[in-house]
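Here's the structure we're looking at; comments come further down.
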Amino acid sequence: MADNKVDDLIARIAHVTGIGSQSDLARELGINRSGITHARNKNQIPEKWVVKLYRRFGLNPGWIDSGTGKVFLHADRADDDGFRHVPKVAARLSAGTGSFEVDAAVSEYLAFPAAWLAEKGSYRSMVAMEVFGHSMEPVIQEGDTVLIDQSRTQILAGAIYAVGVDDTILVKRLEKHPDKLVLCSDNTDFAPIYLLKDDCEKVRILGKVIWSCREYR
């Protein structure tokens, strides 16, 4: 009996990304688990899967389909069990008045020690973004890259979060009060943003900032 291409794919993906179940894979693909069952029955990997796995993890489309060739499309992404690779998206976080740059396309992948990421949470829920603006200085400066855990959306007073307000995305410290939400800047030149109860419905907590780095030029 011929091997099932979808079963083989699931096994390969589990090895390189840590996705260990069909339910987790379905979640990453944005489909119902029945969609995986349907693909298994047809013994065919849908083209939409190939596109989504490439965008999410940088997996080589040829490897996704056949299991041969380079695992990752980009040469700078090492296939190393000691590291996990987190996507950095093209969108940038504003440490200022707001950013309209909300492009979710992956620009590159950043490698982190797997053990360190495991202490922080699930790497599959994490995304890296670049910051521009000066409102969070000196803690976060313009050009810094921050790591955001998108699974951590419950507000912890004083912690730094990526926040969506209408069509803008910001990086701010949050303070939650019974009748309002306060978006605070570390730079005292920037006044706090007060959102009353009705305005809070427009706010999307994108995730908690858990790490930042600075590249010196």
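Convention: chains lettered A, B, ... in structure tokens order; per-chain residue numbering from 1; ligands numbered from 1 as shown.
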**Asked** Near Phe132 (chain A), counting only C-alpha atoms, which residues have an atom at most 6 Å away, once you skip same-chain residues fewer than 3 positions from it, shown as a list in words?
**Response**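 That gives Ser94, Ala95, Glu142 and Gly143 of chain A.
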Dump N, CA and C atoms for the selected residues as a CSV table (one decimal), in the first residue's frame?
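And here's again-v7.csv as it stands now:
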```csv
chain,number,residue,atom,x,y,z
A,94,SER,N,4.3,51.0,16.2
A,94,SER,CA,4.6,52.4,16.4
A,94,SER,C,4.8,52.7,17.9
A,95,ALA,N,5.9,53.3,18.2
A,95,ALA,CA,6.1,53.9,19.5
A,95,ALA,C,6.0,55.4,19.3
A,142,GLU,N,13.7,53.3,18.7
A,142,GLU,CA,13.3,53.1,17.3
A,142,GLU,C,14.3,52.2,16.7
A,143,GLY,N,13.8,51.2,15.9
A,143,GLY,CA,14.6,50.3,15.2
A,143,GLY,C,14.8,49.0,15.9
```
**Request:** Pick out each residue of region 2-64 of chain A that DSSP on the backbone tags as alpha helix (DSSP H); I need them as a VMD selection string.
**Result:** chain A and resid 5 to 17 22 to 29 33 to 42 47 to 57 61 to 64
Serialized selection, N, CA and C atoms, as a short mmCIF file (atom, residue, chain, number, x, y, z; two decimals), in the first residue's frame:
```cif
data_model
loop_
_atom_site.label_atom_id
_atom_site.label_comp_id
_atom_site.auth_asym_id
_atom_site.auth_seq_id
_atom_site.Cartn_x
_atom_site.Cartn_y
_atom_site.Cartn_z
N LYS A 5 0.61 10.81 1.41
CA LYS A 5 1.42 12.02 1.35
C LYS A 5 1.11 12.97 2.51
N VAL A 6 -0.16 13.03 2.91
CA VAL A 6 -0.54 13.94 4.00
C VAL A 6 0.01 13.45 5.33
N ASP A 7 -0.06 12.14 5.57
CA ASP A 7 0.52 11.59 6.80
C ASP A 7 2.02 11.85 6.85
N ASP A 8 2.69 11.66 5.73
CA ASP A 8 4.12 11.93 5.67
C ASP A 8 4.41 13.39 5.96
N LEU A 9 3.60 14.28 5.39
CA LEU A 9 3.78 15.71 5.61
C LEU A 9 3.62 16.06 7.09
N ILE A 10 2.58 15.54 7.72
CA ILE A 10 2.34 15.82 9.13
C ILE A 10 3.54 15.39 9.98
N ALA A 11 4.10 14.23 9.68
CA ALA A 11 5.26 13.74 10.42
C ALA A 11 6.46 14.65 10.22
N ARG A 12 6.67 15.12 8.98
CA ARG A 12 7.81 15.99 8.70
C ARG A 12 7.65 17.34 9.40
N ILE A 13 6.45 17.87 9.35
CA ILE A 13 6.21 19.17 9.97
C ILE A 13 6.37 19.09 11.49
N ALA A 14 5.92 17.99 12.07
CA ALA A 14 6.07 17.81 13.52
C ALA A 14 7.53 17.87 13.91
N HIS A 15 8.40 17.32 13.06
CA HIS A 15 9.83 17.28 13.38
C HIS A 15 10.46 18.66 13.33
N VAL A 16 10.08 19.49 12.37
CA VAL A 16 10.79 20.76 12.18
C VAL A 16 10.11 21.95 12.84
N THR A 17 8.82 21.84 13.20
CA THR A 17 8.12 22.98 13.78
C THR A 17 7.58 22.71 15.18
N GLN A 22 -2.83 16.64 14.46
CA GLN A 22 -3.62 17.12 13.33
C GLN A 22 -4.44 18.35 13.71
N SER A 23 -4.90 18.40 14.96
CA SER A 23 -5.67 19.56 15.41
C SER A 23 -4.83 20.82 15.40
N ASP A 24 -3.56 20.70 15.85
CA ASP A 24 -2.67 21.85 15.84
C ASP A 24 -2.36 22.29 14.41
N LEU A 25 -2.16 21.30 13.53
CA LEU A 25 -1.89 21.64 12.14
C LEU A 25 -3.09 22.35 11.51
N ALA A 26 -4.28 21.84 11.80
CA ALA A 26 -5.49 22.48 11.26
C ALA A 26 -5.60 23.92 11.74
N ARG A 27 -5.23 24.15 13.00
CA ARG A 27 -5.28 25.51 13.55
C ARG A 27 -4.29 26.42 12.83
N GLU A 28 -3.09 25.92 12.57
CA GLU A 28 -2.10 26.73 11.87
C GLU A 28 -2.53 27.03 10.44
N LEU A 29 -3.24 26.09 9.83
CA LEU A 29 -3.68 26.26 8.45
C LEU A 29 -4.97 27.06 8.35
N ARG A 33 -10.49 20.41 11.24
CA ARG A 33 -9.76 19.15 11.18
C ARG A 33 -10.31 18.24 10.09
N SER A 34 -11.58 18.40 9.77
CA SER A 34 -12.16 17.58 8.70
C SER A 34 -11.48 17.84 7.37
N GLY A 35 -10.89 19.06 7.22
CA GLY A 35 -10.17 19.37 6.00
C GLY A 35 -8.92 18.50 5.85
N ILE A 36 -8.30 18.17 6.98
CA ILE A 36 -7.13 17.29 6.93
C ILE A 36 -7.57 15.87 6.58
N THR A 37 -8.68 15.44 7.17
CA THR A 37 -9.21 14.11 6.85
C THR A 37 -9.53 14.00 5.37
N HIS A 38 -10.13 15.05 4.82
CA HIS A 38 -10.48 15.06 3.40
C HIS A 38 -9.22 14.95 2.54
N ALA A 39 -8.17 15.71 2.90
CA ALA A 39 -6.92 15.65 2.14
C ALA A 39 -6.28 14.27 2.25
N ARG A 40 -6.35 13.66 3.43
CA ARG A 40 -5.79 12.32 3.61
C ARG A 40 -6.51 11.31 2.72
N ASN A 41 -7.82 11.44 2.66
CA ASN A 41 -8.60 10.50 1.84
C ASN A 41 -8.27 10.65 0.35
N LYS A 42 -7.96 11.86 -0.07
CA LYS A 42 -7.59 12.10 -1.47
C LYS A 42 -6.11 11.84 -1.72
N GLU A 47 -2.85 22.93 -2.53
CA GLU A 47 -1.92 24.02 -2.81
C GLU A 47 -2.02 25.12 -1.77
N LYS A 48 -3.22 25.34 -1.21
CA LYS A 48 -3.36 26.37 -0.18
C LYS A 48 -2.53 26.06 1.05
N TRP A 49 -2.39 24.77 1.36
CA TRP A 49 -1.53 24.39 2.49
C TRP A 49 -0.09 24.80 2.24
N VAL A 50 0.36 24.56 1.02
CA VAL A 50 1.75 24.86 0.67
C VAL A 50 2.02 26.34 0.88
N VAL A 51 1.10 27.19 0.41
CA VAL A 51 1.27 28.64 0.54
C VAL A 51 1.28 29.05 2.01
N LYS A 52 0.35 28.51 2.80
CA LYS A 52 0.25 28.91 4.20
C LYS A 52 1.45 28.43 5.01
N LEU A 53 1.94 27.23 4.73
CA LEU A 53 3.10 26.72 5.46
C LEU A 53 4.37 27.47 5.08
N TYR A 54 4.44 27.91 3.84
CA TYR A 54 5.57 28.73 3.44
C TYR A 54 5.53 30.08 4.16
N ARG A 55 4.37 30.71 4.16
CA ARG A 55 4.26 32.03 4.79
C ARG A 55 4.45 31.96 6.30
N ARG A 56 3.93 30.90 6.92
CA ARG A 56 3.98 30.80 8.38
C ARG A 56 5.35 30.40 8.88
N PHE A 57 6.01 29.44 8.20
CA PHE A 57 7.25 28.89 8.72
C PHE A 57 8.44 29.04 7.77
N PRO A 61 8.42 25.06 -0.50
CA PRO A 61 7.26 24.41 -1.12
C PRO A 61 7.59 23.04 -1.70
N GLY A 62 8.78 22.89 -2.29
CA GLY A 62 9.17 21.59 -2.83
C GLY A 62 9.29 20.53 -1.76
N TRP A 63 9.84 20.92 -0.60
CA TRP A 63 9.96 19.99 0.53
C TRP A 63 8.59 19.64 1.09
N ILE A 64 7.70 20.63 1.15
CA ILE A 64 6.34 20.38 1.64
C ILE A 64 5.68 19.30 0.79
#
```
**Asked** Any idea what's packed within 12 Å of region 152-164 of chain A, counting only C-alpha atoms, ignoring anything in its chain fewer than 6 positions away? Could you give it as an NGL selection string?
**Response** :A and (91-95 or 97-102 or 120-123 or 125-131 or 136 or 139-140 or 146 or 170-177 or 181-186 or 200-212)
**Prompt:** When distances are computed from only C-alpha atoms, which of A:Thr188, A:Leu147, A:Gly133, A:Pro138 shows the smallest separation from Ala111 (chain A)?
**Reply:**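 Distance minimum relative to Ala111 (chain A) lands on A:Leu147.
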**Item:** CA of Tyr216 (chain A) to CA of Phe112 (chain A), straight-line distance in Å
**Value:** 19.2 Å
**Fill in**
Using only C-alpha atoms, the residue out of A:Glu137, A:Tyr194, A:Phe83, A:Asn187 with shortest distance to Val165 (chain A) is A:Tyr194
**Asked** Hey, what does DSSP flag as strand (DSSP E) within chain A? Can you give it to me as a PyMOL selection string?
**Response** chain A and resi 83-94+106-113+126-132+145-149+160-165+168-177+180-184+193-196+203-213
